[in-house]
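The file work-v3.txt contains compact mmCIF, C-alpha atoms:
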```
# COMPACT_ATOMS: atom_id res chain seq x y z
CA MET T 1 -31.46 10.97 -0.04
CA GLU T 2 -28.74 10.64 2.62
CA VAL T 3 -26.75 8.36 0.33
CA MET T 4 -26.85 10.98 -2.43
CA VAL T 5 -25.62 13.65 -0.03
CA PHE T 6 -22.85 11.49 1.43
CA LEU T 7 -21.50 10.29 -1.92
CA GLY T 8 -22.69 12.97 -4.35
CA VAL T 9 -21.18 15.93 -2.52
CA LEU T 10 -17.94 14.03 -1.89
CA ILE T 11 -17.54 13.05 -5.56
CA LEU T 12 -18.41 16.57 -6.70
CA LEU T 13 -15.71 18.05 -4.46
CA PHE T 14 -13.17 15.54 -5.80
CA ILE T 15 -14.10 16.54 -9.37
CA LEU T 16 -13.71 20.22 -8.47
CA GLY T 17 -10.15 19.51 -7.34
CA PHE T 18 -10.49 19.62 -3.55
CA SER T 19 -7.83 17.59 -1.74
CA VAL T 20 -8.98 14.45 0.08
CA PRO T 21 -9.24 15.77 3.69
CA TYR T 22 -10.99 18.98 2.59
CA ALA T 23 -13.48 17.04 0.45
CA ILE T 24 -14.30 14.63 3.29
CA GLY T 25 -14.45 17.38 5.93
CA ILE T 26 -16.62 19.76 3.91
CA THR T 27 -19.01 16.93 3.02
CA SER T 28 -19.34 16.07 6.73
CA VAL T 29 -20.03 19.68 7.70
CA ILE T 30 -22.68 20.02 4.96
CA ILE T 31 -24.38 16.86 6.23
CA ILE T 32 -24.43 18.22 9.79
CA ILE T 33 -25.89 21.55 8.61
CA MET T 34 -28.56 19.84 6.52
CA ASP T 35 -29.24 17.32 9.29
CA LYS T 36 -31.19 15.15 6.86
CA GLY T 37 -32.84 12.28 8.67
CA LEU T 38 -30.38 12.46 11.54
CA SER T 39 -31.00 13.29 15.15
CA SER T 40 -29.80 16.73 16.16
CA ILE T 41 -26.01 16.83 15.88
CA PRO T 42 -24.14 19.56 17.78
CA TYR T 43 -21.35 21.35 15.93
CA GLU T 44 -18.96 20.39 18.72
CA ILE T 45 -19.01 16.87 17.31
CA ILE T 46 -16.77 18.07 14.45
CA THR T 47 -13.75 18.72 16.65
CA GLN T 48 -14.55 15.85 19.02
CA ARG T 49 -14.66 13.19 16.29
CA PHE T 50 -11.67 14.71 14.52
CA VAL T 51 -9.51 14.52 17.64
CA GLN T 52 -10.87 11.12 18.69
CA GLY T 53 -10.08 9.67 15.25
CA THR T 54 -6.41 10.58 15.53
CA ASN T 55 -6.09 9.78 19.25
CA ASN T 56 -5.08 6.17 18.63
CA PHE T 57 -1.82 4.60 19.81
CA THR T 58 -1.68 2.28 16.77
CA LEU T 59 -1.47 5.26 14.40
CA LEU T 60 2.00 6.02 15.81
CA ALA T 61 3.25 3.20 13.57
CA ILE T 62 2.61 5.28 10.44
CA PRO T 63 5.18 8.09 10.93
CA PHE T 64 7.83 5.68 12.17
CA PHE T 65 7.44 3.32 9.20
CA LEU T 66 7.55 6.32 6.86
CA LEU T 67 10.69 7.54 8.64
CA ALA T 68 12.34 4.11 8.31
CA GLY T 69 11.62 3.99 4.56
CA LYS T 70 12.97 7.51 3.98
CA LEU T 71 16.13 6.76 5.95
CA MET T 72 16.72 3.64 3.86
CA ASN T 73 16.19 5.63 0.65
CA THR T 74 18.41 8.56 1.54
CA GLY T 75 21.13 6.47 3.10
CA GLY T 76 21.87 4.60 -0.14
CA ILE T 77 20.63 1.31 1.26
CA THR T 78 18.18 0.82 -1.62
CA THR T 79 21.16 0.74 -4.02
CA LYS T 80 22.71 -2.13 -2.09
CA ILE T 81 19.40 -4.02 -2.07
CA PHE T 82 18.94 -3.65 -5.83
CA LYS T 83 22.54 -4.66 -6.54
CA PHE T 84 22.12 -7.84 -4.50
CA ALA T 85 18.78 -8.62 -6.17
CA ASN T 86 20.37 -8.21 -9.60
CA GLU T 87 23.28 -10.51 -8.75
CA LEU T 88 20.85 -13.10 -7.42
CA VAL T 89 18.33 -13.25 -10.29
CA GLY T 90 19.98 -11.25 -13.11
CA TRP T 91 20.83 -14.42 -15.06
CA ILE T 92 17.14 -15.21 -15.64
CA PRO T 93 15.57 -13.87 -18.88
CA GLY T 94 14.63 -10.27 -18.17
CA GLY T 95 16.87 -10.50 -15.12
CA LEU T 96 17.02 -6.82 -14.24
CA GLY T 97 13.23 -6.61 -14.42
CA ILE T 98 12.97 -9.55 -12.04
CA ALA T 99 15.60 -7.94 -9.80
CA ASN T 100 13.35 -4.87 -9.81
CA ILE T 101 10.46 -6.96 -8.48
CA PHE T 102 12.66 -8.82 -5.99
CA ALA T 103 14.07 -5.55 -4.65
CA SER T 104 10.55 -4.19 -4.22
CA ILE T 105 9.58 -7.24 -2.16
CA ILE T 106 12.61 -6.70 0.09
CA PHE T 107 12.03 -2.96 0.35
CA ALA T 108 8.37 -3.65 1.17
CA GLY T 109 9.56 -4.94 4.53
CA MET T 110 10.94 -1.50 5.34
CA SER T 111 8.63 1.24 4.06
CA GLY T 112 5.12 -0.18 3.65
CA SER T 113 4.41 2.49 1.02
CA ALA T 114 3.97 1.91 -2.71
CA VAL T 115 4.73 5.50 -3.68
CA ALA T 116 7.88 5.50 -1.50
CA ASP T 117 9.01 2.34 -3.29
CA ALA T 118 8.31 3.80 -6.75
CA ALA T 119 10.10 7.05 -5.94
CA GLY T 120 12.98 5.61 -3.91
CA LEU T 121 13.94 2.46 -5.79
CA GLY T 122 12.55 3.76 -9.08
CA THR T 123 15.43 6.11 -9.93
CA ILE T 124 18.01 3.37 -9.37
CA GLU T 125 16.08 0.58 -11.06
CA ILE T 126 14.99 2.46 -14.17
CA LYS T 127 18.48 3.83 -14.87
CA ALA T 128 20.06 0.38 -14.41
CA MET T 129 17.54 -1.22 -16.77
CA GLU T 130 18.02 1.54 -19.38
CA ASP T 131 21.80 1.13 -19.24
CA ALA T 132 21.41 -2.63 -19.75
CA GLY T 133 19.29 -2.17 -22.89
CA PHE T 134 15.71 -2.31 -21.60
CA ASP T 135 13.15 0.11 -23.05
CA THR T 136 12.47 3.03 -20.71
CA PRO T 137 8.64 2.64 -20.71
CA PHE T 138 8.94 -1.06 -19.87
CA SER T 139 11.46 -0.32 -17.11
CA ALA T 140 9.08 2.26 -15.65
CA ALA T 141 6.11 -0.14 -15.91
CA VAL T 142 7.95 -2.88 -14.01
CA THR T 143 8.93 -0.36 -11.33
CA ALA T 144 5.37 0.94 -10.93
CA ALA T 145 3.78 -2.52 -10.90
CA SER T 146 6.29 -4.01 -8.46
CA SER T 147 5.85 -1.08 -6.07
CA THR T 148 2.28 -2.23 -5.39
CA VAL T 149 3.72 -5.13 -3.37
CA GLY T 150 4.87 -2.68 -0.67
CA PRO T 151 1.55 -2.06 1.10
CA VAL T 152 0.60 -5.77 1.01
CA ILE T 153 3.72 -7.29 2.59
CA PRO T 154 4.30 -6.08 6.18
CA PRO T 155 4.79 -3.40 7.30
CA SER T 156 1.79 -1.83 5.59
CA VAL T 157 0.40 1.62 6.28
CA PRO T 158 -2.96 0.89 4.52
CA LEU T 159 -3.46 -2.35 6.50
CA ILE T 160 -2.75 -0.49 9.74
CA MET T 161 -5.38 2.09 8.79
CA PHE T 162 -7.88 -0.64 7.92
CA GLY T 163 -7.26 -2.27 11.29
CA VAL T 164 -7.86 1.01 13.10
CA MET T 165 -11.10 1.78 11.23
CA GLY T 166 -12.40 -1.80 11.22
CA GLY T 167 -11.44 -2.81 14.75
CA THR T 168 -9.33 -5.66 13.38
CA SER T 169 -6.09 -7.11 14.78
CA ILE T 170 -3.18 -5.19 13.23
CA ALA T 171 -0.77 -8.08 13.78
CA SER T 172 -3.12 -10.52 12.01
CA LEU T 173 -3.54 -8.14 9.08
CA LEU T 174 0.20 -7.61 8.66
CA VAL T 175 1.00 -11.32 8.79
CA ALA T 176 -1.90 -12.08 6.44
CA GLY T 177 -0.30 -9.98 3.69
CA ILE T 178 2.87 -12.09 3.41
CA ILE T 179 1.57 -14.89 1.12
CA PRO T 180 -0.49 -12.59 -1.16
CA GLY T 181 2.53 -10.27 -1.50
CA ILE T 182 4.79 -13.17 -2.49
CA LEU T 183 2.18 -14.37 -5.00
CA MET T 184 2.11 -10.88 -6.54
CA GLY T 185 5.88 -10.99 -6.94
CA ILE T 186 5.85 -14.48 -8.50
CA SER T 187 3.05 -13.67 -10.95
CA MET T 188 4.74 -10.46 -12.12
CA THR T 189 8.06 -12.32 -12.46
CA ILE T 190 6.44 -14.81 -14.83
CA LEU T 191 5.04 -11.96 -16.94
CA VAL T 192 8.43 -10.18 -17.06
CA MET T 193 10.14 -13.41 -18.17
CA PHE T 194 7.54 -13.86 -20.93
CA ILE T 195 7.88 -10.28 -22.21
CA ALA T 196 11.68 -10.38 -21.95
CA HIS T 197 11.79 -13.57 -24.03
CA ARG T 198 9.53 -12.08 -26.73
CA ARG T 199 11.47 -8.81 -26.92
CA ASN T 200 14.88 -10.44 -26.48
CA TYR T 201 15.84 -8.30 -23.51
CA PRO T 202 19.34 -8.85 -22.04
CA ARG T 203 20.33 -10.89 -19.02
CA ASN T 204 23.54 -11.65 -17.15
CA ASN T 205 25.53 -14.41 -18.81
CA LYS T 206 26.05 -16.45 -15.67
CA VAL T 207 25.96 -16.37 -11.91
CA ASP T 208 29.15 -15.02 -10.39
CA ILE T 209 29.33 -16.52 -6.91
CA GLY T 210 32.01 -14.07 -5.80
CA ARG T 211 30.04 -10.99 -6.86
CA THR T 212 26.82 -12.40 -5.43
CA TRP T 213 28.47 -13.08 -2.08
CA ALA T 214 30.06 -9.61 -2.02
CA SER T 215 26.72 -7.91 -2.79
CA PHE T 216 25.02 -10.06 -0.16
CA LYS T 217 27.52 -8.94 2.49
CA GLU T 218 26.92 -5.30 1.56
CA ALA T 219 23.15 -5.74 1.77
CA PHE T 220 23.11 -8.14 4.74
CA TRP T 221 22.17 -5.65 7.46
CA PRO T 222 19.38 -4.00 5.46
CA LEU T 223 18.08 -7.46 4.52
CA LEU T 224 17.69 -8.20 8.22
CA THR T 225 15.09 -5.43 8.59
CA PRO T 226 12.01 -7.46 7.54
CA VAL T 227 13.33 -10.47 9.48
CA ILE T 228 13.61 -8.38 12.65
CA LEU T 229 10.19 -6.79 12.19
CA ILE T 230 8.21 -9.89 11.28
CA GLY T 231 10.12 -12.11 13.73
CA GLY T 232 9.62 -9.62 16.56
CA MET T 233 5.88 -9.32 15.94
CA LEU T 234 5.31 -13.06 15.57
CA SER T 235 7.33 -13.88 18.69
CA GLY T 236 5.51 -11.23 20.71
CA ILE T 237 8.67 -9.28 21.52
CA PHE T 238 7.01 -6.09 20.30
CA THR T 239 3.68 -4.93 18.94
CA PRO T 240 3.22 -3.63 15.37
CA THR T 241 3.42 -0.06 16.71
CA GLU T 242 6.62 -0.80 18.58
CA ALA T 243 7.94 -2.57 15.47
CA ALA T 244 7.70 0.73 13.61
CA VAL T 245 9.91 2.39 16.22
CA VAL T 246 12.39 -0.50 16.02
CA ALA T 247 12.48 -0.16 12.21
CA ALA T 248 13.15 3.59 12.41
CA ILE T 249 15.92 3.21 15.02
CA TYR T 250 17.50 0.34 13.09
CA ALA T 251 17.44 2.35 9.84
CA LEU T 252 18.97 5.35 11.62
CA VAL T 253 21.78 3.23 13.08
CA LEU T 254 22.53 1.68 9.68
CA THR T 255 22.58 4.94 7.74
CA SER T 256 24.27 7.23 10.27
CA ILE T 257 26.66 4.91 12.14
CA PHE T 258 27.21 1.69 10.19
CA TYR T 259 27.32 3.06 6.60
CA ARG T 260 27.90 6.73 7.58
CA SER T 261 25.84 7.90 4.60
CA LEU T 262 23.59 10.29 6.52
CA ASP T 263 24.56 13.58 8.16
CA LEU T 264 22.61 15.76 10.57
CA ARG T 265 21.27 18.07 7.86
CA GLY T 266 20.00 15.10 5.84
CA PHE T 267 18.39 13.61 8.93
CA MET T 268 16.58 16.86 9.76
CA LYS T 269 15.23 17.08 6.21
CA ILE T 270 13.97 13.48 6.40
CA CYS T 271 12.26 14.24 9.71
CA ALA T 272 10.59 17.32 8.22
CA ASP T 273 9.34 15.32 5.20
CA THR T 274 8.08 12.57 7.50
CA VAL T 275 6.19 15.08 9.65
CA LYS T 276 4.59 16.60 6.55
CA GLU T 277 3.46 13.23 5.11
CA SER T 278 2.30 11.92 8.50
CA SER T 279 0.30 15.10 9.10
CA MET T 280 -1.44 14.71 5.75
CA ILE T 281 -2.39 11.13 6.59
CA LEU T 282 -3.62 12.03 10.08
CA VAL T 283 -5.76 14.88 8.72
CA ILE T 284 -7.39 12.32 6.43
CA VAL T 285 -7.87 10.00 9.41
CA GLY T 286 -9.48 12.75 11.48
CA ALA T 287 -11.83 13.90 8.71
CA SER T 288 -12.70 10.29 7.87
CA SER T 289 -13.49 9.59 11.51
CA LEU T 290 -16.14 12.32 11.45
CA TYR T 291 -17.44 11.10 8.08
CA GLY T 292 -17.60 7.50 9.33
CA TYR T 293 -19.45 8.58 12.48
CA LEU T 294 -22.08 10.33 10.37
CA LEU T 295 -22.34 7.32 8.06
CA ILE T 296 -23.07 4.99 10.97
CA LYS T 297 -25.43 7.45 12.67
CA SER T 298 -27.46 7.79 9.47
CA GLN T 299 -27.59 3.96 9.20
CA ILE T 300 -26.35 4.08 5.62
CA PRO T 301 -24.20 0.93 6.07
CA THR T 302 -27.33 -0.95 7.19
CA TYR T 303 -29.31 0.47 4.28
CA LEU T 304 -26.67 -0.52 1.72
CA MET T 305 -26.26 -3.94 3.34
CA ASN T 306 -29.99 -4.61 3.04
CA LYS T 307 -29.91 -3.53 -0.60
CA VAL T 308 -27.04 -5.90 -1.34
CA PHE T 309 -28.68 -8.74 0.59
CA THR T 310 -31.87 -8.41 -1.45
CA PHE T 311 -29.68 -9.20 -4.45
CA SER T 312 -27.72 -12.05 -2.83
CA GLN T 313 -26.47 -13.28 0.53
CA ASN T 314 -23.96 -15.64 -1.06
CA PRO T 315 -20.43 -14.70 0.14
CA VAL T 316 -19.02 -15.59 -3.29
CA VAL T 317 -21.33 -13.12 -5.03
CA ILE T 318 -20.83 -10.43 -2.37
CA LEU T 319 -17.04 -10.73 -2.65
CA PHE T 320 -17.30 -10.40 -6.43
CA LEU T 321 -19.41 -7.25 -6.06
CA ILE T 322 -16.99 -5.82 -3.48
CA ASN T 323 -14.03 -6.46 -5.78
CA LEU T 324 -15.80 -4.82 -8.71
CA PHE T 325 -16.75 -1.84 -6.56
CA LEU T 326 -13.26 -1.41 -5.10
CA LEU T 327 -11.56 -1.69 -8.49
CA ILE T 328 -13.73 1.17 -9.75
CA ILE T 329 -13.27 3.23 -6.56
CA GLY T 330 -9.49 2.70 -6.76
CA CYS T 331 -9.45 4.47 -10.13
CA PHE T 332 -10.82 7.67 -8.63
CA MET T 333 -10.00 7.76 -4.92
CA GLU T 334 -6.71 7.87 -3.04
CA CYS T 335 -5.97 4.60 -1.20
CA ASN T 336 -5.93 5.85 2.40
CA ALA T 337 -9.08 7.92 1.91
CA ALA T 338 -10.91 4.96 0.40
CA ILE T 339 -9.98 2.78 3.36
CA MET T 340 -11.08 5.40 5.86
CA ILE T 341 -14.45 5.97 4.16
CA LEU T 342 -15.39 2.45 3.06
CA THR T 343 -14.17 0.26 5.93
CA PRO T 344 -17.09 1.16 8.28
CA ILE T 345 -19.49 0.24 5.46
CA LEU T 346 -17.91 -3.00 4.24
CA VAL T 347 -16.83 -4.62 7.52
CA PRO T 348 -20.37 -5.05 8.99
CA MET T 349 -21.68 -6.28 5.65
CA CYS T 350 -18.97 -8.94 5.34
CA GLN T 351 -19.19 -10.03 8.97
CA ALA T 352 -22.95 -10.57 8.49
CA VAL T 353 -22.26 -13.25 5.86
CA GLY T 354 -19.28 -14.81 7.62
CA ILE T 355 -16.41 -13.14 5.73
CA ASP T 356 -13.40 -12.66 8.00
CA SER T 357 -12.43 -8.99 8.42
CA VAL T 358 -8.72 -9.89 8.06
CA HIS T 359 -9.56 -11.49 4.71
CA LEU T 360 -11.52 -8.39 3.71
CA GLY T 361 -8.66 -6.09 4.70
CA VAL T 362 -6.14 -7.81 2.42
CA ILE T 363 -8.67 -7.93 -0.45
CA MET T 364 -9.38 -4.23 0.00
CA VAL T 365 -5.72 -3.17 0.01
CA LEU T 366 -4.90 -5.37 -2.99
CA ASN T 367 -7.78 -3.84 -4.96
CA LEU T 368 -6.64 -0.32 -4.10
CA MET T 369 -3.05 -1.16 -5.07
CA ILE T 370 -4.31 -2.01 -8.54
CA GLY T 371 -6.00 1.40 -8.42
CA LEU T 372 -2.56 2.98 -7.90
CA LEU T 373 -1.71 1.74 -11.41
CA THR T 374 -4.97 2.93 -12.96
CA PRO T 375 -5.78 6.41 -14.26
CA PRO T 376 -7.03 8.99 -13.53
CA ILE T 377 -5.70 9.01 -9.92
CA GLY T 378 -2.97 6.30 -10.16
CA MET T 379 -0.27 7.81 -7.94
CA CYS T 380 2.31 5.14 -8.84
CA LEU T 381 1.69 5.81 -12.53
CA PHE T 382 2.33 9.54 -12.17
CA THR T 383 5.27 9.13 -9.79
CA THR T 384 7.10 6.58 -11.94
CA ALA T 385 6.37 8.41 -15.20
CA ARG T 386 7.92 11.51 -13.65
CA VAL T 387 10.96 9.59 -12.40
CA ALA T 388 11.44 7.95 -15.83
CA ASN T 389 10.72 11.23 -17.66
CA ILE T 390 8.22 9.65 -20.06
CA THR T 391 4.69 10.59 -21.11
CA LEU T 392 1.75 9.09 -19.26
CA ASP T 393 0.30 7.43 -22.38
CA LYS T 394 3.52 5.42 -22.91
CA MET T 395 3.50 4.50 -19.25
CA ILE T 396 -0.10 3.26 -19.32
CA LYS T 397 0.48 1.20 -22.47
CA GLU T 398 3.36 -0.72 -20.86
CA VAL T 399 1.60 -1.14 -17.51
CA MET T 400 -1.54 -2.71 -18.99
CA PRO T 401 -0.15 -6.31 -19.19
CA PHE T 402 0.60 -6.18 -15.46
CA TYR T 403 -3.12 -5.92 -14.69
CA ILE T 404 -3.43 -9.59 -15.71
CA PRO T 405 -1.19 -11.17 -13.01
CA LEU T 406 -2.45 -8.72 -10.38
CA VAL T 407 -6.12 -9.51 -11.07
CA ILE T 408 -5.35 -13.26 -11.09
CA VAL T 409 -3.74 -12.94 -7.65
CA LEU T 410 -6.70 -10.85 -6.48
CA LEU T 411 -9.13 -13.58 -7.52
CA MET T 412 -6.98 -16.26 -5.86
CA VAL T 413 -6.81 -14.27 -2.62
CA THR T 414 -10.56 -13.58 -2.77
CA TYR T 415 -11.78 -17.12 -3.32
CA ILE T 416 -9.05 -19.09 -1.51
CA PRO T 417 -9.25 -17.48 1.96
CA ASP T 418 -6.54 -19.75 3.37
CA LEU T 419 -3.97 -17.88 1.29
CA VAL T 420 -4.70 -14.93 3.60
CA LEU T 421 -5.73 -16.60 6.85
CA PHE T 422 -3.28 -19.53 7.02
CA LEU T 423 -0.34 -17.65 8.55
CA PRO T 424 -2.37 -15.63 11.11
CA ARG T 425 -4.05 -18.82 12.31
CA LEU T 426 -0.71 -20.61 12.44
CA VAL T 427 1.38 -18.09 14.35
CA LEU T 428 -1.03 -15.79 16.24
```

Full structure transcribed into structure tokens:
Amino acid sequence: MEVMVFLGVLILLFILGFSVPYAIGITSVIIIIMDKGLSSIPYEIITQRFVQGTNNFTLLAIPFFLLAGKLMNTGGITTKIFKFANELVGWIPGGLGIANIFASIIFAGMSGSAVADAAGLGTIEIKAMEDAGFDTPFSAAVTAASSTVGPVIPPSVPLIMFGVMGGTSIASLLVAGIIPGILMGISMTILVMFIAHRRNYPRNNKVDIGRTWASFKEAFWPLLTPVILIGGMLSGIFTPTEAAVVAAIYALVLTSIFYRSLDLRGFMKICADTVKESSMILVIVGASSLYGYLLIKSQIPTYLMNKVFTFSQNPVVILFLINLFLLIIGCFMECNAAIMILTPILVPMCQAVGIDSVHLGVIMVLNLMIGLLTPPIGMCLFTTARVANITLDKMIKEVMPFYIPLVIVLLMVTYIPDLVLFLPRLVL
């Protein structure tokens, strides 16, 4: 009965159109009022768990990484990154599409947000591909699919949230995403080359060393951002939370002093947008903290774990079931909310059968990134379709082939754990 209340009420509220934090919070309050099978829970626990959930030093990384990404977007730095990517790989069949993917991988080291990537780089990338002769729906599909790399390669807001909820090393999670993120980029590049060859899309005639060198010099300082962040974390110079502050300060120096593309009014607007987005995320964190507390107190994770274990205790089978479950959940639930709600359930289950929580974190985020491309929630679908000014049905049709490389990478990451765990074991 508790399971039906926990999940049924939450799903019903989502269907009725309640936003994520309201749906989670109202469900938690209803559970406390009903007090089904739980020991007496005082109402004071609502505010206590809400505040305790957000009172975490690590969560400071989220607003600073968001600020860094917005500064890079507004300061015109994304244009320089895309121009360099195009000069570097534009000669390959479907070159601008590959440049789109390559730029997303670079930008991933700055924002850690798929939607920020789709919205920020999307306008530049889609227009450039249209001007070169690419179909608009295909250009939008490449932009949406490549944006999913952002939350896998460090820095990653979803991985930080998983680490907070699952009690897992943030540094290990961030480093663990590097190889899977690169594999996502390679697999999508192969698909773009195949489609470009079949449709006879244009490419640059040849590599121009002079132009490539000039674009590299323009993009050099922004390109250093992921090097500084990852190098600093691996060398122990700063923690992941401190890395977020470094990224924001570095982005501010580049945009306001070095390139002089940001004025005070623009900076204040970026700060206001960052505060708004950060507040939304932290409200979800607070509500999810209360929800997770009630989940654990009602012993639902133990109940579900026993149910799964009666079916199988084989890690291979359990990982398959988790992937299937997360792929479905990703179609209906926003990424951060899914992580907040499901992490307290899945982490104990996986630890019981010897699945590393770092491995689980990357699998979970990768699944939910595929969900960002899948209706009906699919934020990257809606964002990119709006940027490209095309209908959603055209967008979905062109995105569908990209599910193939992403699912292949998901299966590789799931069943070859060393792809995730090799770097954390090597450097941490």

Next on the checklist: Which residues are close to Leu426 in chain T, i.e. within 12 Å by all atoms listed in the file, leaving aside same-chain residues fewer than 3 positions away? Reply as a ChimeraX atom specification.
Outcome noted: /T:172,175-176,234,418-423

Item to check | Between CA of Ala214 in chain T and CA of Thr189 in chain T, distance in Å (one decimal) | outcome: 24.5 Å

At most 12 Å is the cut-off: for each residue in range 202-267 of chain T with any atom that close to an atom of range 272-292 of chain T, write down the nearest atom pair and the distance in Å rounded to one decimal, counting all atoms listed in the file, chain first then increasing number, as CSV.
```
residue,atom,partner,partner_atom,distance
T:Ala248,CA,T:Thr274,CA,11.4
T:Arg265,CA,T:Ala272,CA,10.7
T:Gly266,CA,T:Ala272,CA,10.0
T:Phe267,CA,T:Ala272,CA,8.7
```

Item to check | Answer as a count of residues only, residues within 12 Å of (-11.0, -8.1, 14.8) using all atoms listed in the file | outcome: 22

Next on the checklist: What's around Ile105 in chain T at 12 Å? Count only C-alpha atoms, leave out sequence neighbours fewer than 6 positions away in its own chain, and write the answer as an MDAnalysis selection string.
Outcome noted: chainID T and resid 78 81:82 85 98:99 111:114 117 121 143 145:155 177:186 188:189 223 226

Item to check | Coordinates-based distance that separates CA of Val142 in chain T from CA of Ile101 in chain T (Å, one decimal) | outcome: 7.3 Å

Completed range 369-384 of chain T (N, CA and C atoms) as a compact mmCIF listing (two decimals), in the coordinates of the input:
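Output file part_3.txt is given in full below:
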```
# COMPACT_ATOMS: atom_id res chain seq x y z
N MET T 369 -4.39 -1.20 -4.46
CA MET T 369 -3.05 -1.16 -5.07
C MET T 369 -3.15 -1.21 -6.59
N ILE T 370 -4.09 -2.00 -7.10
CA ILE T 370 -4.31 -2.01 -8.54
C ILE T 370 -4.77 -0.62 -8.98
N GLY T 371 -5.56 0.04 -8.13
CA GLY T 371 -6.00 1.40 -8.42
C GLY T 371 -4.84 2.38 -8.53
N LEU T 372 -3.74 2.12 -7.81
CA LEU T 372 -2.56 2.98 -7.90
C LEU T 372 -1.91 2.92 -9.28
N LEU T 373 -2.24 1.88 -10.05
CA LEU T 373 -1.71 1.74 -11.41
C LEU T 373 -2.72 2.16 -12.47
N THR T 374 -3.86 2.66 -12.03
CA THR T 374 -4.97 2.93 -12.96
C THR T 374 -5.29 4.41 -12.98
N PRO T 375 -5.35 5.01 -14.19
CA PRO T 375 -5.78 6.41 -14.26
C PRO T 375 -7.25 6.53 -13.89
N PRO T 376 -7.74 7.71 -13.47
CA PRO T 376 -7.03 8.99 -13.53
C PRO T 376 -6.22 9.35 -12.28
N ILE T 377 -6.41 8.62 -11.14
CA ILE T 377 -5.70 9.01 -9.92
C ILE T 377 -4.31 8.39 -9.88
N GLY T 378 -4.21 7.07 -10.09
CA GLY T 378 -2.97 6.30 -10.16
C GLY T 378 -1.67 6.96 -9.74
N MET T 379 -1.45 7.10 -8.43
CA MET T 379 -0.27 7.81 -7.94
C MET T 379 1.04 7.16 -8.38
N CYS T 380 1.08 5.82 -8.42
CA CYS T 380 2.31 5.14 -8.84
C CYS T 380 2.58 5.38 -10.32
N LEU T 381 1.52 5.49 -11.12
CA LEU T 381 1.69 5.81 -12.53
C LEU T 381 2.37 7.16 -12.70
N PHE T 382 1.81 8.18 -12.04
CA PHE T 382 2.33 9.54 -12.17
C PHE T 382 3.74 9.65 -11.60
N THR T 383 3.95 9.04 -10.43
CA THR T 383 5.27 9.13 -9.79
C THR T 383 6.35 8.50 -10.65
N THR T 384 6.09 7.29 -11.16
CA THR T 384 7.10 6.58 -11.94
C THR T 384 7.30 7.23 -13.30
```
